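Working notes, beginning with the structure itself.
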Amino acid sequence: MTAPRNKSKKGFSLIELCFAMAILAVGFICVLGMFPTSFTGITGSKNMILATHLAQSQLEKIKFVDYDSIANQAQTPVNYSNTVNGVPVSTLFYKQVNVTSNPGNTLKDVVVQVFWQEGAFNGNDMSRWKCLQFETYISRQQ
């Protein structure tokens with residue numbers, strides 16, 4: 001003779017536990033899937049800030065140059081140390097300065113462009129290249 005079961009004891013069956021764990025696993029995997037996207041966004045923002053810093057500092061240097069000495073500068077790589085203001089730099093930046101004068105040579109249009117490649121370096125993959133451009137006008141002092 002078997003003892004009667006006490007129906008007042010409640011608990012989870014094995015199948016209910018398996019479903020709960022499956023739901024938690026799916027949620028956990030979705031949260032983990034957001035990390036690479038977040039990292040990409042953070043890296044892109046860091047590169048944009050560094051490019052802005054580089055372009056702005058180049059414009060500041062040009063402001064203190066004699067008007068007749070302001071000229072085009074070919075695209076050159078930027079030699080950053082490993083950190084800039086405490087931020088690690090692993091991206092290679094290029095800067096270029098284009099200068100055009102008006103017909104009377106009293107005003108110069110100065111364009112500073114900074115280029116860098118986002119993500120893995122695939123050589124000719126132009127879709128990964130980013131460009132930041134600053135422009136200003138400098139007049140001849142009378």
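Just remember, in the structure tokens the first chain shown is A, the second B, etc., residues are 1-based per chain, and ligands are 1-based in the order shown.
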Who sits within 8 Å of A:Val99, only C-alpha atoms, same chain under 4 positions skipped, as a list in words:
Ile70, Ala71, Asn72, Lys108, Asp109, Val110 and Val111 of chain A
Let's see if you can do this: from backbone DSSP, list all alpha helix (DSSP H) residues in chain A, as a ChimeraX atom specification.
/A:14-63
For the residues in the current selection, export N, CA and C atoms as a tab-separated table (two decimals), in the first residue's frame.
```tsv
chain	number	residue	atom	x	y	z
A	14	LEU	N	10.38	19.74	-13.47
A	14	LEU	CA	11.61	19.83	-14.23
A	14	LEU	C	11.40	20.57	-15.55
A	15	ILE	N	10.29	20.35	-16.20
A	15	ILE	CA	10.01	21.01	-17.48
A	15	ILE	C	9.85	22.52	-17.29
A	16	GLU	N	9.24	22.93	-16.19
A	16	GLU	CA	9.08	24.36	-15.92
A	16	GLU	C	10.44	25.01	-15.67
A	17	LEU	N	11.31	24.32	-14.97
A	17	LEU	CA	12.66	24.84	-14.75
A	17	LEU	C	13.44	24.96	-16.05
A	18	CYS	N	13.29	23.99	-16.94
A	18	CYS	CA	13.98	24.03	-18.24
A	18	CYS	C	13.50	25.22	-19.07
A	19	PHE	N	12.19	25.47	-19.09
A	19	PHE	CA	11.66	26.62	-19.83
A	19	PHE	C	12.16	27.93	-19.24
A	20	ALA	N	12.18	28.04	-17.93
A	20	ALA	CA	12.65	29.26	-17.27
A	20	ALA	C	14.12	29.51	-17.59
A	21	MET	N	14.92	28.46	-17.56
A	21	MET	CA	16.34	28.62	-17.88
A	21	MET	C	16.55	28.99	-19.35
A	22	ALA	N	15.73	28.45	-20.23
A	22	ALA	CA	15.83	28.79	-21.65
A	22	ALA	C	15.49	30.26	-21.87
A	23	ILE	N	14.47	30.76	-21.21
A	23	ILE	CA	14.08	32.17	-21.35
A	23	ILE	C	15.20	33.07	-20.80
A	24	LEU	N	15.76	32.72	-19.66
A	24	LEU	CA	16.86	33.49	-19.10
A	24	LEU	C	18.09	33.46	-20.02
A	25	ALA	N	18.36	32.32	-20.62
A	25	ALA	CA	19.52	32.21	-21.52
A	25	ALA	C	19.34	33.10	-22.75
A	26	VAL	N	18.14	33.12	-23.31
A	26	VAL	CA	17.88	33.98	-24.47
A	26	VAL	C	18.06	35.44	-24.08
A	27	GLY	N	17.56	35.84	-22.94
A	27	GLY	CA	17.73	37.22	-22.47
A	27	GLY	C	19.19	37.57	-22.26
A	28	PHE	N	19.93	36.66	-21.66
A	28	PHE	CA	21.34	36.87	-21.40
A	28	PHE	C	22.13	37.01	-22.70
A	29	ILE	N	21.81	36.18	-23.69
A	29	ILE	CA	22.49	36.24	-24.99
A	29	ILE	C	22.18	37.56	-25.69
A	30	CYS	N	20.95	38.04	-25.57
A	30	CYS	CA	20.60	39.33	-26.18
A	30	CYS	C	21.38	40.47	-25.54
A	31	VAL	N	21.53	40.44	-24.23
A	31	VAL	CA	22.30	41.48	-23.55
A	31	VAL	C	23.76	41.41	-23.97
A	32	LEU	N	24.33	40.22	-24.05
A	32	LEU	CA	25.72	40.08	-24.49
A	32	LEU	C	25.90	40.55	-25.93
A	33	GLY	N	24.88	40.42	-26.76
A	33	GLY	CA	24.96	40.85	-28.15
A	33	GLY	C	25.06	42.36	-28.30
A	34	MET	N	24.68	43.10	-27.27
A	34	MET	CA	24.76	44.56	-27.34
A	34	MET	C	26.17	45.07	-27.09
A	35	PHE	N	27.04	44.32	-26.47
A	35	PHE	CA	28.38	44.79	-26.14
A	35	PHE	C	29.22	45.13	-27.36
A	36	PRO	N	29.29	44.30	-28.40
A	36	PRO	CA	30.09	44.70	-29.57
A	36	PRO	C	29.57	45.97	-30.23
A	37	THR	N	28.27	46.13	-30.30
A	37	THR	CA	27.69	47.34	-30.88
A	37	THR	C	28.06	48.56	-30.05
A	38	SER	N	27.98	48.43	-28.74
A	38	SER	CA	28.35	49.53	-27.86
A	38	SER	C	29.81	49.87	-28.01
A	39	PHE	N	30.66	48.87	-28.08
A	39	PHE	CA	32.10	49.10	-28.22
A	39	PHE	C	32.40	49.82	-29.53
A	40	THR	N	31.73	49.43	-30.59
A	40	THR	CA	31.92	50.09	-31.89
A	40	THR	C	31.52	51.56	-31.80
A	41	GLY	N	30.40	51.84	-31.16
A	41	GLY	CA	29.96	53.22	-31.00
A	41	GLY	C	30.91	54.05	-30.17
A	42	ILE	N	31.42	53.47	-29.10
A	42	ILE	CA	32.36	54.19	-28.23
A	42	ILE	C	33.67	54.47	-28.98
A	43	THR	N	34.16	53.49	-29.73
A	43	THR	CA	35.39	53.69	-30.49
A	43	THR	C	35.20	54.75	-31.57
A	44	GLY	N	34.07	54.73	-32.25
A	44	GLY	CA	33.78	55.75	-33.26
A	44	GLY	C	33.72	57.14	-32.66
A	45	SER	N	33.12	57.26	-31.49
A	45	SER	CA	33.05	58.57	-30.82
A	45	SER	C	34.43	59.04	-30.40
A	46	LYS	N	35.24	58.13	-29.88
A	46	LYS	CA	36.60	58.49	-29.48
A	46	LYS	C	37.39	58.98	-30.68
A	47	ASN	N	37.28	58.30	-31.82
A	47	ASN	CA	38.00	58.71	-33.02
A	47	ASN	C	37.52	60.07	-33.51
A	48	MET	N	36.23	60.33	-33.43
A	48	MET	CA	35.68	61.61	-33.87
A	48	MET	C	36.21	62.74	-32.97
A	49	ILE	N	36.28	62.49	-31.67
A	49	ILE	CA	36.80	63.51	-30.74
A	49	ILE	C	38.27	63.77	-31.02
A	50	LEU	N	39.06	62.72	-31.23
A	50	LEU	CA	40.48	62.90	-31.52
A	50	LEU	C	40.69	63.62	-32.85
A	51	ALA	N	39.89	63.30	-33.86
A	51	ALA	CA	40.00	63.98	-35.15
A	51	ALA	C	39.63	65.46	-35.00
A	52	THR	N	38.60	65.76	-34.21
A	52	THR	CA	38.21	67.14	-33.96
A	52	THR	C	39.34	67.89	-33.26
A	53	HIS	N	39.95	67.25	-32.27
A	53	HIS	CA	41.08	67.86	-31.56
A	53	HIS	C	42.23	68.15	-32.53
A	54	LEU	N	42.52	67.21	-33.40
A	54	LEU	CA	43.60	67.37	-34.35
A	54	LEU	C	43.32	68.51	-35.33
A	55	ALA	N	42.10	68.55	-35.89
A	55	ALA	CA	41.75	69.61	-36.85
A	55	ALA	C	41.75	70.98	-36.18
A	56	GLN	N	41.20	71.06	-34.98
A	56	GLN	CA	41.15	72.33	-34.28
A	56	GLN	C	42.56	72.83	-33.94
A	57	SER	N	43.43	71.93	-33.50
A	57	SER	CA	44.79	72.35	-33.16
A	57	SER	C	45.54	72.79	-34.42
A	58	GLN	N	45.27	72.16	-35.55
A	58	GLN	CA	45.91	72.57	-36.81
A	58	GLN	C	45.44	73.97	-37.21
A	59	LEU	N	44.16	74.26	-37.05
A	59	LEU	CA	43.65	75.60	-37.36
A	59	LEU	C	44.26	76.63	-36.42
A	60	GLU	N	44.42	76.28	-35.15
A	60	GLU	CA	45.04	77.21	-34.20
A	60	GLU	C	46.49	77.50	-34.59
A	61	LYS	N	47.22	76.50	-35.06
A	61	LYS	CA	48.60	76.73	-35.50
A	61	LYS	C	48.63	77.67	-36.71
A	62	ILE	N	47.69	77.48	-37.63
A	62	ILE	CA	47.66	78.30	-38.85
A	62	ILE	C	47.35	79.76	-38.51
A	63	LYS	N	46.56	79.99	-37.48
A	63	LYS	CA	46.21	81.37	-37.10
A	63	LYS	C	47.45	82.19	-36.74
```
Filtered DSSP result for chain A, state strand (DSSP E or B), as a ChimeraX atom specification:
/A:73-77,83-84,87-88,93-101,107-117,129-139
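For the choices A:Tyr137, A:Cys131, A:Phe64, A:Gly119, the atom-to-atom distance to A:Thr91 is smallest for A:Gly119 when using only C-alpha atoms.
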